[in-house]
$ cat upload-v3.txt   # compact mmCIF, C-alpha atoms and all ligand atoms
# COMPACT_ATOMS: atom_id res chain seq x y z
CA MET A 278 112.86 -163.35 -79.73
CA THR A 279 112.71 -163.12 -83.52
CA ILE A 280 114.75 -160.38 -85.14
CA ASP A 281 114.65 -160.16 -88.94
CA ARG A 282 117.83 -158.11 -89.28
CA PRO A 283 121.47 -158.70 -88.36
CA LEU A 284 121.94 -158.56 -84.59
CA ARG A 285 123.69 -155.45 -83.29
CA TRP A 286 126.85 -156.65 -81.59
CA ALA A 287 129.77 -155.37 -79.50
CA ILE A 288 133.19 -156.87 -78.82
CA ILE A 289 134.74 -155.98 -75.51
CA GLY A 290 138.40 -157.03 -75.39
CA ALA A 291 139.66 -157.39 -78.96
CA GLY A 292 143.31 -158.39 -78.39
CA GLY A 293 144.63 -161.87 -77.54
CA MET A 294 141.78 -164.38 -77.82
CA GLY A 295 139.54 -161.47 -78.79
CA ARG A 296 141.06 -161.66 -82.29
CA TRP A 297 139.55 -165.13 -82.73
CA HIS A 298 136.11 -163.70 -81.94
CA VAL A 299 136.64 -160.66 -84.17
CA ASN A 300 137.48 -162.97 -87.10
CA ALA A 301 134.47 -165.18 -86.42
CA LEU A 302 132.05 -162.28 -86.02
CA LEU A 303 133.18 -160.33 -89.07
CA LYS A 304 132.49 -163.36 -91.30
CA ARG A 305 128.84 -163.56 -90.26
CA THR A 306 125.97 -161.95 -92.10
CA ASP A 307 123.50 -162.40 -89.22
CA ILE A 308 125.63 -160.28 -86.87
CA GLN A 309 126.67 -156.68 -87.38
CA VAL A 310 129.55 -155.54 -85.18
CA VAL A 311 128.60 -151.97 -84.33
CA ALA A 312 130.98 -151.22 -81.44
CA ALA A 313 134.21 -152.48 -79.94
CA CYS A 314 136.26 -151.66 -76.90
CA ASP A 315 139.84 -152.25 -75.86
CA VAL A 316 142.18 -150.24 -73.66
CA ASN A 317 144.84 -150.91 -76.28
CA PRO A 318 143.75 -148.98 -79.42
CA GLN A 319 145.89 -151.24 -81.67
CA ALA A 320 143.70 -154.18 -80.71
CA LEU A 321 140.87 -152.44 -82.60
CA ASP A 322 142.83 -152.06 -85.85
CA ALA A 323 141.31 -155.17 -87.45
CA LEU A 324 137.80 -153.75 -87.19
CA PRO A 325 136.27 -152.13 -90.27
CA GLU A 326 135.44 -148.45 -90.50
CA GLY A 327 132.03 -147.64 -89.12
CA VAL A 328 132.51 -149.69 -85.95
CA ALA A 329 132.33 -147.32 -82.97
CA ARG A 330 135.56 -147.59 -80.97
CA PHE A 331 135.84 -147.20 -77.21
CA ALA A 332 138.76 -147.29 -74.78
CA ASP A 333 136.37 -147.65 -71.83
CA TRP A 334 133.58 -150.23 -71.86
CA ARG A 335 131.20 -148.15 -69.71
CA PRO A 336 130.17 -145.52 -72.29
CA LEU A 337 129.83 -148.29 -74.86
CA VAL A 338 127.41 -150.21 -72.66
CA GLU A 339 125.53 -147.05 -71.67
CA THR A 340 125.10 -145.52 -75.11
CA VAL A 341 125.11 -148.18 -77.86
CA GLU A 342 121.91 -150.10 -78.65
CA LEU A 343 122.90 -153.77 -78.68
CA ASP A 344 121.36 -157.21 -79.02
CA GLY A 345 124.48 -159.14 -78.07
CA ALA A 346 128.11 -158.83 -77.01
CA SER A 347 131.25 -160.95 -76.92
CA VAL A 348 133.42 -160.29 -73.87
CA ILE A 349 137.05 -161.46 -73.90
CA LEU A 350 138.92 -159.90 -71.00
CA PRO A 351 141.28 -160.60 -68.10
CA HIS A 352 139.29 -162.69 -65.63
CA HIS A 353 138.89 -160.11 -62.84
CA LEU A 354 136.99 -157.76 -65.17
CA TYR A 355 134.24 -160.18 -66.10
CA PRO A 356 131.62 -159.70 -63.36
CA GLU A 357 131.31 -155.93 -63.70
CA VAL A 358 131.29 -155.88 -67.50
CA VAL A 359 129.05 -158.92 -67.98
CA CYS A 360 126.50 -157.80 -65.36
CA ALA A 361 126.35 -154.28 -66.83
CA LEU A 362 125.61 -155.74 -70.27
CA LEU A 363 122.99 -158.16 -68.98
CA HIS A 364 121.24 -155.39 -67.07
CA ARG A 365 121.12 -153.34 -70.28
CA GLY A 366 119.21 -156.28 -71.81
CA VAL A 367 122.16 -157.57 -73.87
CA HIS A 368 122.82 -161.28 -74.45
CA VAL A 369 126.41 -162.12 -73.55
CA LEU A 370 128.88 -164.68 -74.83
CA LYS A 371 132.00 -164.49 -72.69
CA GLU A 372 135.27 -166.32 -73.04
CA LYS A 373 136.18 -169.11 -70.71
CA ALA A 374 136.95 -169.41 -67.84
CA PHE A 375 133.54 -168.51 -66.44
CA ALA A 376 135.22 -166.65 -63.59
CA ARG A 377 138.29 -166.39 -61.39
CA SER A 378 136.17 -167.68 -58.49
CA LEU A 379 132.82 -169.23 -57.77
CA GLU A 380 131.75 -165.98 -56.15
CA ASP A 381 132.27 -164.08 -59.41
CA ALA A 382 130.49 -166.82 -61.36
CA VAL A 383 127.49 -166.66 -59.05
CA THR A 384 127.32 -162.88 -59.39
CA MET A 385 127.04 -163.29 -63.18
CA CYS A 386 124.56 -166.18 -62.89
CA ARG A 387 122.29 -164.05 -60.72
CA ALA A 388 122.35 -161.22 -63.26
CA ALA A 389 121.52 -163.65 -66.09
CA LYS A 390 118.67 -165.13 -64.10
CA GLU A 391 117.26 -161.74 -63.09
CA THR A 392 117.41 -160.31 -66.60
CA GLY A 393 116.43 -163.43 -68.53
CA ARG A 394 119.24 -162.79 -71.03
CA GLN A 395 121.41 -165.57 -72.39
CA LEU A 396 124.83 -165.86 -70.77
CA VAL A 397 127.14 -168.40 -72.34
CA VAL A 398 130.75 -169.31 -71.57
CA ALA A 399 132.74 -169.92 -74.77
CA GLY A 400 135.38 -172.64 -74.92
CA GLN A 401 135.80 -174.05 -78.39
CA HIS A 402 136.38 -177.74 -77.70
CA LYS A 403 132.79 -178.51 -76.80
CA PHE A 404 131.74 -177.35 -80.28
CA LYS A 405 134.13 -179.68 -82.10
CA ALA A 406 132.83 -182.58 -84.17
CA SER A 407 135.00 -184.99 -82.14
CA PHE A 408 133.34 -183.91 -78.90
CA VAL A 409 129.84 -184.08 -80.36
CA ALA A 410 130.61 -187.62 -81.61
CA THR A 411 131.92 -188.55 -78.15
CA GLN A 412 128.65 -187.40 -76.58
CA GLU A 413 126.65 -189.37 -79.15
CA HIS A 414 128.51 -192.64 -78.47
CA LEU A 415 128.40 -192.49 -74.67
CA GLY A 416 125.49 -194.94 -74.56
CA GLU A 417 127.64 -197.73 -76.08
CA LEU A 418 130.14 -197.75 -73.21
CA GLY A 419 128.08 -199.18 -70.37
CA ASP A 420 128.91 -197.89 -66.88
CA ILE A 421 131.95 -195.65 -67.07
CA PHE A 422 134.25 -196.67 -64.25
CA LEU A 423 137.33 -194.63 -65.23
CA THR A 424 137.72 -191.31 -67.02
CA ARG A 425 141.15 -189.97 -68.03
CA ALA A 426 141.49 -186.47 -69.36
CA SER A 427 144.29 -184.03 -70.02
CA ILE A 428 145.05 -180.62 -71.39
CA LEU A 429 148.73 -179.96 -71.88
CA TYR A 430 150.57 -177.24 -73.73
CA ARG A 431 153.52 -174.96 -73.26
CA SER A 432 153.26 -171.19 -73.23
CA ARG A 433 156.70 -170.07 -74.41
CA ALA A 434 156.10 -166.39 -73.56
CA ILE A 435 155.29 -167.32 -69.97
CA VAL A 436 157.59 -170.28 -69.34
CA ASP A 437 160.75 -168.96 -71.02
CA GLU A 438 160.30 -165.22 -70.85
CA GLY A 439 158.20 -164.85 -67.71
CA ARG A 440 155.67 -162.63 -69.52
CA TRP A 441 152.77 -163.41 -67.22
CA GLY A 442 150.71 -160.22 -67.45
CA TRP A 443 147.48 -160.41 -65.42
CA ARG A 444 147.56 -164.23 -65.52
CA GLY A 445 150.43 -164.49 -63.05
CA THR A 446 148.50 -162.74 -60.27
CA ARG A 447 145.97 -164.98 -58.63
CA ARG A 448 143.86 -162.05 -57.43
CA LEU A 449 143.30 -161.13 -61.10
CA SER A 450 143.19 -164.50 -62.86
CA GLY A 451 142.07 -166.86 -60.09
CA GLY A 452 144.85 -169.24 -61.11
CA VAL A 453 146.04 -170.67 -64.39
CA ALA A 454 146.43 -174.45 -64.72
CA ILE A 455 143.15 -175.51 -63.15
CA VAL A 456 140.86 -172.56 -63.83
CA ASP A 457 142.30 -171.25 -67.11
CA SER A 458 143.62 -174.10 -69.27
CA GLY A 459 141.93 -176.58 -66.97
CA TRP A 460 138.56 -174.96 -67.70
CA HIS A 461 138.47 -176.57 -71.14
CA ILE A 462 139.06 -180.10 -69.98
CA LEU A 463 137.00 -179.88 -66.80
CA GLU A 464 134.07 -178.56 -68.79
CA LEU A 465 134.30 -181.47 -71.24
CA VAL A 466 134.58 -184.01 -68.45
CA THR A 467 131.64 -182.44 -66.60
CA LEU A 468 129.51 -182.49 -69.75
CA LEU A 469 130.36 -186.19 -70.23
CA ARG A 470 130.29 -187.45 -66.65
CA GLY A 471 128.30 -184.92 -64.63
CA VAL A 472 129.33 -183.34 -61.35
CA PRO A 473 131.57 -185.43 -59.05
CA ASP A 474 130.80 -185.99 -55.40
CA ARG A 475 134.35 -185.30 -54.28
CA VAL A 476 137.51 -183.76 -55.68
CA ILE A 477 141.12 -184.31 -54.61
CA ALA A 478 143.71 -182.02 -56.16
CA SER A 479 147.34 -181.01 -56.06
CA THR A 480 149.05 -178.16 -57.86
CA GLY A 481 152.56 -179.25 -56.83
CA GLN A 482 155.30 -177.16 -55.31
CA MET A 483 157.90 -176.95 -58.09
CA ARG A 484 158.28 -173.67 -59.98
CA VAL A 485 158.86 -174.29 -63.68
CA SER A 486 158.44 -170.85 -65.27
CA ALA A 487 160.49 -167.66 -65.29
CA GLY A 488 159.20 -164.44 -63.70
CA GLU A 489 157.09 -163.48 -60.72
CA TYR A 490 153.79 -165.29 -60.23
CA ASP A 491 151.60 -166.77 -57.53
CA VAL A 492 149.45 -169.09 -59.64
CA ASP A 493 149.35 -172.81 -60.33
CA GLU A 494 151.36 -174.14 -63.30
CA GLN A 495 149.88 -177.61 -63.27
CA GLY A 496 147.14 -179.47 -61.55
CA ALA A 497 146.40 -183.15 -60.97
CA LEU A 498 142.82 -183.91 -59.99
CA ILE A 499 141.00 -187.04 -58.89
CA LEU A 500 137.24 -186.88 -59.32
CA GLU A 501 134.92 -189.30 -57.52
CA TYR A 502 131.45 -189.74 -59.01
CA PRO A 503 128.20 -190.67 -57.27
CA ASP A 504 128.01 -193.92 -59.32
CA GLY A 505 131.36 -195.12 -57.94
CA GLY A 506 133.40 -194.23 -61.03
CA ILE A 507 136.55 -192.15 -60.83
CA GLY A 508 138.24 -189.62 -63.07
CA VAL A 509 141.82 -188.42 -63.36
CA VAL A 510 142.46 -185.02 -64.91
CA LEU A 511 145.82 -183.38 -65.70
CA ALA A 512 146.20 -179.74 -66.66
CA SER A 513 149.50 -178.05 -67.44
CA PHE A 514 150.54 -175.15 -69.63
CA VAL A 515 154.26 -175.62 -69.05
CA THR A 516 155.00 -178.81 -70.97
CA THR A 517 154.85 -180.58 -74.32
CA PRO A 518 153.56 -182.43 -76.29
CA SER A 519 150.30 -180.52 -76.56
CA GLU A 520 147.29 -182.62 -75.84
CA VAL A 521 143.54 -182.23 -75.34
CA ARG A 522 142.19 -185.68 -74.75
CA VAL A 523 139.42 -187.52 -72.93
CA THR A 524 139.30 -191.31 -72.57
CA LEU A 525 136.20 -192.95 -71.10
CA HIS A 526 136.55 -196.54 -69.93
CA GLY A 527 133.17 -198.26 -69.72
CA LYS A 528 132.19 -201.80 -68.78
CA ARG A 529 131.30 -202.56 -72.42
CA ALA A 530 133.74 -200.34 -74.36
CA THR A 531 136.30 -197.54 -74.23
CA LEU A 532 135.98 -194.27 -76.10
CA ASP A 533 139.12 -192.26 -76.76
CA ALA A 534 138.63 -188.68 -77.99
CA ASP A 535 141.62 -186.73 -79.24
CA LEU A 536 140.17 -183.22 -79.50
CA GLN A 537 143.30 -181.76 -81.08
CA ALA A 538 143.42 -184.26 -83.91
CA GLU A 539 139.59 -184.41 -84.12
CA ARG A 540 139.79 -188.22 -83.86
CA VAL A 541 137.57 -190.53 -81.83
CA THR A 542 138.23 -194.24 -81.38
CA LEU A 543 135.87 -196.84 -79.97
CA VAL A 544 137.55 -199.92 -78.46
CA ARG A 545 135.64 -203.14 -77.70
CA GLY A 546 137.88 -205.88 -76.33
CA ALA A 547 140.72 -206.19 -78.85
CA GLU A 548 138.76 -204.44 -81.61
CA SER A 549 139.36 -200.79 -82.26
CA GLN A 550 137.48 -198.66 -84.78
CA GLY A 551 137.43 -195.00 -85.73
CA VAL A 552 134.16 -193.22 -85.04
CA PRO A 553 132.87 -191.30 -88.08
CA LEU A 554 132.49 -187.62 -87.27
CA GLY A 555 129.64 -185.41 -88.36
CA GLU A 556 130.36 -182.31 -90.37
CA VAL A 557 133.64 -180.79 -89.14
CA THR A 558 132.80 -177.10 -88.95
CA ASP A 559 134.87 -174.33 -87.48
CA PRO A 560 134.01 -174.44 -83.74
CA ALA A 561 133.64 -170.64 -83.77
CA VAL A 562 130.92 -170.93 -86.42
CA ARG A 563 129.07 -173.63 -84.52
CA MET A 564 129.42 -171.73 -81.23
CA TYR A 565 127.91 -168.53 -82.62
CA ASP A 566 125.23 -170.48 -84.57
CA LEU A 567 124.10 -172.13 -81.34
CA PHE A 568 124.31 -168.89 -79.36
CA LEU A 569 122.08 -167.11 -81.88
CA GLU A 570 119.70 -170.06 -81.80
CA SER A 571 119.51 -169.75 -78.01
CA ILE A 572 118.73 -166.04 -78.32
CA ALA A 573 115.94 -166.83 -80.80
CA THR A 574 114.42 -169.75 -78.88
CA GLY A 575 115.23 -168.87 -75.27
CA GLN A 576 116.72 -172.36 -74.86
CA PRO A 577 120.20 -172.59 -73.31
CA SER A 578 123.10 -173.43 -75.62
CA PRO A 579 126.23 -175.45 -74.66
CA GLY A 580 128.19 -173.37 -72.15
CA ALA A 581 125.07 -171.72 -70.69
CA TRP A 582 125.60 -170.26 -67.22
CA SER A 583 123.55 -172.99 -65.51
CA GLN A 584 126.01 -175.62 -66.83
CA ALA A 585 129.09 -173.48 -66.47
CA VAL A 586 128.52 -172.82 -62.78
CA GLN A 587 128.78 -176.57 -62.17
CA VAL A 588 132.23 -176.60 -63.75
CA GLN A 589 133.17 -173.63 -61.61
CA ARG A 590 132.12 -175.57 -58.49
CA VAL A 591 134.45 -178.43 -59.47
CA ILE A 592 137.27 -175.91 -59.93
CA GLU A 593 136.52 -174.28 -56.58
CA ALA A 594 136.62 -177.71 -54.93
CA ALA A 595 139.94 -178.47 -56.64
CA TYR A 596 141.58 -175.27 -55.41
CA LEU A 597 140.17 -175.84 -51.92
CA SER A 598 141.58 -179.37 -51.90
CA ALA A 599 145.00 -178.19 -53.12
CA ALA A 600 145.05 -175.38 -50.55
CA ARG A 601 144.28 -177.83 -47.76
CA GLY A 602 147.10 -180.21 -48.72
CA SER A 603 145.15 -182.42 -51.15
CA VAL A 604 142.44 -183.55 -48.79
CA PRO A 605 139.17 -184.64 -50.46
CA VAL A 606 136.62 -181.85 -50.80
CA ALA A 607 132.95 -182.76 -51.13
CA LEU A 608 131.05 -180.81 -53.77
CA ALA A 609 128.36 -180.31 -51.14
CA GLU A 610 130.95 -178.09 -49.46
CA VAL A 611 131.07 -175.71 -52.39
CA PRO A 612 127.52 -174.60 -52.96
CA ALA A 613 127.13 -171.75 -55.38
CA ALA A 614 126.61 -169.41 -52.44
CA LEU A 615 130.19 -169.89 -51.20
CA THR A 616 132.16 -166.68 -51.36
CA PRO A 617 135.66 -166.68 -49.80
CA TYR A 618 138.58 -167.57 -52.04
CA PRO A 619 140.93 -170.28 -50.71
CA SER A 620 143.99 -169.05 -48.91
CA PRO A 621 147.45 -170.40 -49.80
CA ARG A 622 148.39 -174.04 -49.34
CA GLY A 623 148.83 -175.21 -45.80
CA THR A 624 146.30 -172.90 -44.18
CA ARG A 625 142.72 -173.82 -43.47
CA SER A 626 140.58 -171.77 -45.73
CA GLY A 627 137.32 -171.30 -47.52
CA THR A 628 134.67 -171.13 -44.85
CA ALA A 629 132.84 -173.71 -46.85
CA ALA A 630 129.48 -173.15 -45.33
CA ARG A 631 126.77 -175.53 -46.36
CA GLY A 632 123.94 -173.71 -47.99
CA GLU A 633 122.07 -173.26 -51.20
CA GLY A 634 123.03 -175.19 -54.29
CA PRO A 635 123.22 -173.53 -57.69
CA GLU A 636 119.61 -174.40 -58.41
CA HIS A 637 118.65 -171.85 -55.71
CA LEU A 638 120.63 -168.98 -57.19
N1 LIG A 701 139.43 -170.39 -75.65
C1 LIG A 701 140.74 -170.32 -75.64
O1 LIG A 701 141.44 -171.17 -76.18
C2 LIG A 701 141.40 -169.14 -74.97
C3 LIG A 701 142.75 -168.85 -75.24
C4 LIG A 701 143.31 -167.73 -74.62
C5 LIG A 701 142.57 -166.95 -73.75
N2 LIG A 701 141.26 -167.29 -73.49
C6 LIG A 701 140.45 -166.47 -72.57
O2 LIG A 701 140.24 -165.19 -73.17
C7 LIG A 701 140.23 -164.19 -72.16
C8 LIG A 701 141.31 -163.15 -72.44
O3 LIG A 701 142.57 -163.79 -72.41
P1 LIG A 701 143.73 -163.31 -73.42
O4 LIG A 701 144.78 -164.36 -73.37
O5 LIG A 701 143.15 -162.94 -74.72
O6 LIG A 701 144.23 -162.02 -72.64
P2 LIG A 701 145.05 -160.82 -73.24
O7 LIG A 701 145.62 -160.09 -72.10
O8 LIG A 701 145.94 -161.29 -74.34
O9 LIG A 701 143.92 -159.91 -73.96
C9 LIG A 701 142.97 -159.23 -73.20
C10 LIG A 701 142.53 -158.00 -73.98
O10 LIG A 701 141.68 -157.23 -73.13
C11 LIG A 701 142.11 -155.88 -73.20
N3 LIG A 701 141.74 -155.21 -71.96
C12 LIG A 701 142.34 -155.32 -70.75
N4 LIG A 701 141.69 -154.55 -69.85
C13 LIG A 701 140.66 -153.97 -70.50
C14 LIG A 701 139.62 -153.10 -70.10
N5 LIG A 701 139.51 -152.64 -68.85
N6 LIG A 701 138.72 -152.70 -71.03
C15 LIG A 701 138.83 -153.10 -72.32
N7 LIG A 701 139.81 -153.94 -72.75
C16 LIG A 701 140.69 -154.39 -71.85
C17 LIG A 701 143.61 -155.94 -73.43
O11 LIG A 701 144.11 -154.73 -73.97
C18 LIG A 701 143.71 -157.10 -74.40
O12 LIG A 701 143.55 -156.67 -75.73
C19 LIG A 701 140.42 -164.93 -70.83
O13 LIG A 701 139.17 -165.22 -70.29
C20 LIG A 701 141.13 -166.21 -71.24
O14 LIG A 701 140.95 -167.26 -70.32
C21 LIG A 701 140.67 -168.35 -74.11

$ encode --input "upload-v3.txt" --output "structure tokens"
Amino acid sequence: MTIDRPLRWAIIGAGGMGRWHVNALLKRTDIQVVAACDVNPQALDALPEGVARFADWRPLVETVELDGASVILPHHLYPEVVCALLHRGVHVLKEKAFARSLEDAVTMCRAAKETGRQLVVAGQHKFKASFVATQEHLGELGDIFLTRASILYRSRAIVDEGRWGWRGTRRLSGGVAIVDSGWHILELVTLLRGVPDRVIASTGQMRVSAGEYDVDEQGALILEYPDGGIGVVLASFVTTPSEVRVTLHGKRATLDADLQAERVTLVRGAESQGVPLGEVTDPAVRMYDLFLESIATGQPSPGAWSQAVQVQRVIEAAYLSAARGSVPVALAEVPAALTPYPSPRGTRSGTAARGEGPEHL
């Protein structure tokens, strides 16, 4: 699809993380933001005059001619909004996580497949120069027998003040540590190591934050890969120091990627050297560049739904494992067709019927 004018764009959900997208979009000359929606009118204040403002996304989707849209909403709203846009022929870039559940993710994948529109899950770390360099140096490691990865930070508003909003209700968010902050790190690990055979997970039992909530505050995952390698992933949004890090231990070398510091180190025996990074661009610029390229060429960009659904399967397996008391869950048990959401820890849940894999969506 070649369009020799700025693409007509909408932003749905302009508060919170939406502000990051508003800033990125308003700087571009190849995108014209023509409409925006938020239930909170103040969230639309940053938009210039001339942008059509909506409090309800439905009339926006029904009446505005669009090429693309950025959707940044509470997780439970994604399937309806994203599917409506796709069915109107609009390419969609949505914030991570893909979905609160695999069922929601599959609903959106089906719409993308049926309509042939691009559907991409944002998540800035995969667009960073340090991650691109990590991908480029994978071949120097030999067989990767151990992967260590973590995403840690502390949300003061939630931990100290108990201001959970929609995040604290699992029915709305799907969870927090594993599916929300964990999305970032599990996506990176999946892009580097592929889909594991089995997942073992625990979300612990200790409540750390103030307020009412029924979601996970931290998650510890063990991933077992078909080649015999293992991975250990930690996700927590209730502790410091902040960290976004992946370390890959291979038979020939170790690669340590600090995504926060944008620093990658290659270690061979006792020798350690910094890996030169390519151009360090704003990940938002690179993300939208690649999304527009995917619209023009029809080729999927990083975060495309076909990749993202694999991450969602790992997350589904992790929550199933945690709910069952940290028993191993085979990925074969969580085909993309699985629908029920796991019930609370200690009860048997998730009628994990064997069935079609994501390739059969
Ligand atoms: N990539 C990142 O680092 C990052 C960071 C934070 C959040 N996120 C993701 O961004 C998304 C939003 O999270 P957030 O923290 O910004 O949430 P938020 O609650 O701060 O903001 C959500 C926005 O959506 C608006 N909204 C709610 N219901 C709406 C509706 N029915 N129609 C229109 N607007 C509506 C709210 O008014 C608010 O402005 C989530 O998917 C989250 O996981 C990503």

$ residues_near_point --input "upload-v3.txt" --point "(146.5, -179.8, -57.8)" --cutoff "9 Å" --atoms "only C-alpha atoms" --output "list of chain:residue names"
A:Ala454, A:Ile455, A:Ile477, A:Ala478, A:Ser479, A:Thr480, A:Gly481, A:Asp493, A:Gln495, A:Gly496, A:Ala497, A:Leu498, A:Leu511, A:Ala512, A:Ala595, A:Tyr596, A:Ser598, A:Ala599, A:Ala600, A:Ser603

$ write_last_selection --input "upload-v3.txt" --atoms "C-alpha atoms" --output "mmCIF file, keeping the file's coordinate frame"
data_model
loop_
_atom_site.group_PDB
_atom_site.id
_atom_site.type_symbol
_atom_site.label_atom_id
_atom_site.label_comp_id
_atom_site.auth_asym_id
_atom_site.auth_seq_id
_atom_site.Cartn_x
_atom_site.Cartn_y
_atom_site.Cartn_z
ATOM 1 C CA ALA A 454 146.430 -174.450 -64.720
ATOM 2 C CA ILE A 455 143.150 -175.510 -63.150
ATOM 3 C CA ILE A 477 141.120 -184.310 -54.610
ATOM 4 C CA ALA A 478 143.710 -182.020 -56.160
ATOM 5 C CA SER A 479 147.340 -181.010 -56.060
ATOM 6 C CA THR A 480 149.050 -178.160 -57.860
ATOM 7 C CA GLY A 481 152.560 -179.250 -56.830
ATOM 8 C CA ASP A 493 149.350 -172.810 -60.330
ATOM 9 C CA GLN A 495 149.880 -177.610 -63.270
ATOM 10 C CA GLY A 496 147.140 -179.470 -61.550
ATOM 11 C CA ALA A 497 146.400 -183.150 -60.970
ATOM 12 C CA LEU A 498 142.820 -183.910 -59.990
ATOM 13 C CA LEU A 511 145.820 -183.380 -65.700
ATOM 14 C CA ALA A 512 146.200 -179.740 -66.660
ATOM 15 C CA ALA A 595 139.940 -178.470 -56.640
ATOM 16 C CA TYR A 596 141.580 -175.270 -55.410
ATOM 17 C CA SER A 598 141.580 -179.370 -51.900
ATOM 18 C CA ALA A 599 145.000 -178.190 -53.120
ATOM 19 C CA ALA A 600 145.050 -175.380 -50.550
ATOM 20 C CA SER A 603 145.150 -182.420 -51.150
#

$ residues_near_ligand --input "upload-v3.txt" --ligand "ligand LIG 701 (chain A)" --cutoff "6 Å" --atoms "only C-alpha atoms and all ligand atoms" --output "PyMOL selection string"
chain A and resi 289-295+314-317+320+333-334+349-352+372-374+400-401+457

$ write_last_selection --input "upload-v3.txt" --atoms "C-alpha atoms" --output "mmCIF file, keeping the file's coordinate frame"
data_model
loop_
_atom_site.group_PDB
_atom_site.id
_atom_site.type_symbol
_atom_site.label_atom_id
_atom_site.label_comp_id
_atom_site.auth_asym_id
_atom_site.auth_seq_id
_atom_site.Cartn_x
_atom_site.Cartn_y
_atom_site.Cartn_z
ATOM 1 C CA ILE A 289 134.740 -155.980 -75.510
ATOM 2 C CA GLY A 290 138.400 -157.030 -75.390
ATOM 3 C CA ALA A 291 139.660 -157.390 -78.960
ATOM 4 C CA GLY A 292 143.310 -158.390 -78.390
ATOM 5 C CA GLY A 293 144.630 -161.870 -77.540
ATOM 6 C CA MET A 294 141.780 -164.380 -77.820
ATOM 7 C CA GLY A 295 139.540 -161.470 -78.790
ATOM 8 C CA CYS A 314 136.260 -151.660 -76.900
ATOM 9 C CA ASP A 315 139.840 -152.250 -75.860
ATOM 10 C CA VAL A 316 142.180 -150.240 -73.660
ATOM 11 C CA ASN A 317 144.840 -150.910 -76.280
ATOM 12 C CA ALA A 320 143.700 -154.180 -80.710
ATOM 13 C CA ASP A 333 136.370 -147.650 -71.830
ATOM 14 C CA TRP A 334 133.580 -150.230 -71.860
ATOM 15 C CA ILE A 349 137.050 -161.460 -73.900
ATOM 16 C CA LEU A 350 138.920 -159.900 -71.000
ATOM 17 C CA PRO A 351 141.280 -160.600 -68.100
ATOM 18 C CA HIS A 352 139.290 -162.690 -65.630
ATOM 19 C CA GLU A 372 135.270 -166.320 -73.040
ATOM 20 C CA LYS A 373 136.180 -169.110 -70.710
ATOM 21 C CA ALA A 374 136.950 -169.410 -67.840
ATOM 22 C CA GLY A 400 135.380 -172.640 -74.920
ATOM 23 C CA GLN A 401 135.800 -174.050 -78.390
ATOM 24 C CA ASP A 457 142.300 -171.250 -67.110
#

$ closest_residue --input "upload-v3.txt" --among "A:Gln309, A:Thr574, A:Gln584, A:Gln395" --to "Leu363 in chain A" --atoms "all atoms listed in the file"
A:Gln395

$ closest_residue --input "upload-v3.txt" --among "A:Val310, A:Ile428, A:Val466, A:Ala287" --to "Leu500 in chain A" --atoms "all atoms listed in the file"
A:Val466

$ closest_residue --input "upload-v3.txt" --among "A:Ile462, A:Ala332, A:Ile499, A:Val541" --to "Val606 in chain A" --atoms "only C-alpha atoms"
A:Ile499

$ closest_residue --input "upload-v3.txt" --among "A:Gly419, A:Ile288, A:Pro579, A:Ser378" --to "Leu597 in chain A" --atoms "all atoms listed in the file"
A:Ser378

$ atom_distance --input "upload-v3.txt" --atom1 "CA of Ala382 in chain A" --atom2 "CA of Leu284 in chain A"
26.1 Å

$ atom_distance --input "upload-v3.txt" --atom1 "CA of Ser347 in chain A" --atom2 "CA of Thr384 in chain A"
18.1 Å

$ residues_near_point --input "upload-v3.txt" --point "(153.0, -171.0, -57.9)" --cutoff "10 Å" --atoms "all atoms listed in the file" --output "list in words"
Gly445, Thr446, Arg447, Gly452, Val453, Thr480, Gly481, Gln482, Met483, Arg484, Val485, Ser486, Glu489, Tyr490, Asp491, Val492, Asp493, Glu494, Gln495 and Pro621 of chain A

$ build_atoms --input "upload-v3.txt" --residues "range 289-296 of chain A" --atoms "N, CA and C atoms" --output "compact mmCIF listing (two decimals), keeping the file's coordinate frame"
# COMPACT_ATOMS: atom_id res chain seq x y z
N ILE A 289 134.02 -156.67 -76.59
CA ILE A 289 134.74 -155.98 -75.51
C ILE A 289 135.97 -156.82 -75.17
N GLY A 290 137.14 -156.29 -75.49
CA GLY A 290 138.40 -157.03 -75.39
C GLY A 290 138.71 -157.66 -76.74
N ALA A 291 139.46 -156.93 -77.57
CA ALA A 291 139.66 -157.39 -78.96
C ALA A 291 141.08 -157.90 -79.22
N GLY A 292 141.95 -157.86 -78.21
CA GLY A 292 143.31 -158.39 -78.39
C GLY A 292 143.34 -159.85 -77.97
N GLY A 293 144.51 -160.48 -78.00
CA GLY A 293 144.63 -161.87 -77.54
C GLY A 293 143.55 -162.74 -78.16
N MET A 294 142.85 -163.49 -77.34
CA MET A 294 141.78 -164.38 -77.82
C MET A 294 140.64 -163.60 -78.47
N GLY A 295 140.56 -162.31 -78.17
CA GLY A 295 139.54 -161.47 -78.79
C GLY A 295 139.64 -161.48 -80.31
N ARG A 296 140.87 -161.66 -80.83
CA ARG A 296 141.06 -161.66 -82.29
C ARG A 296 140.30 -162.82 -82.94
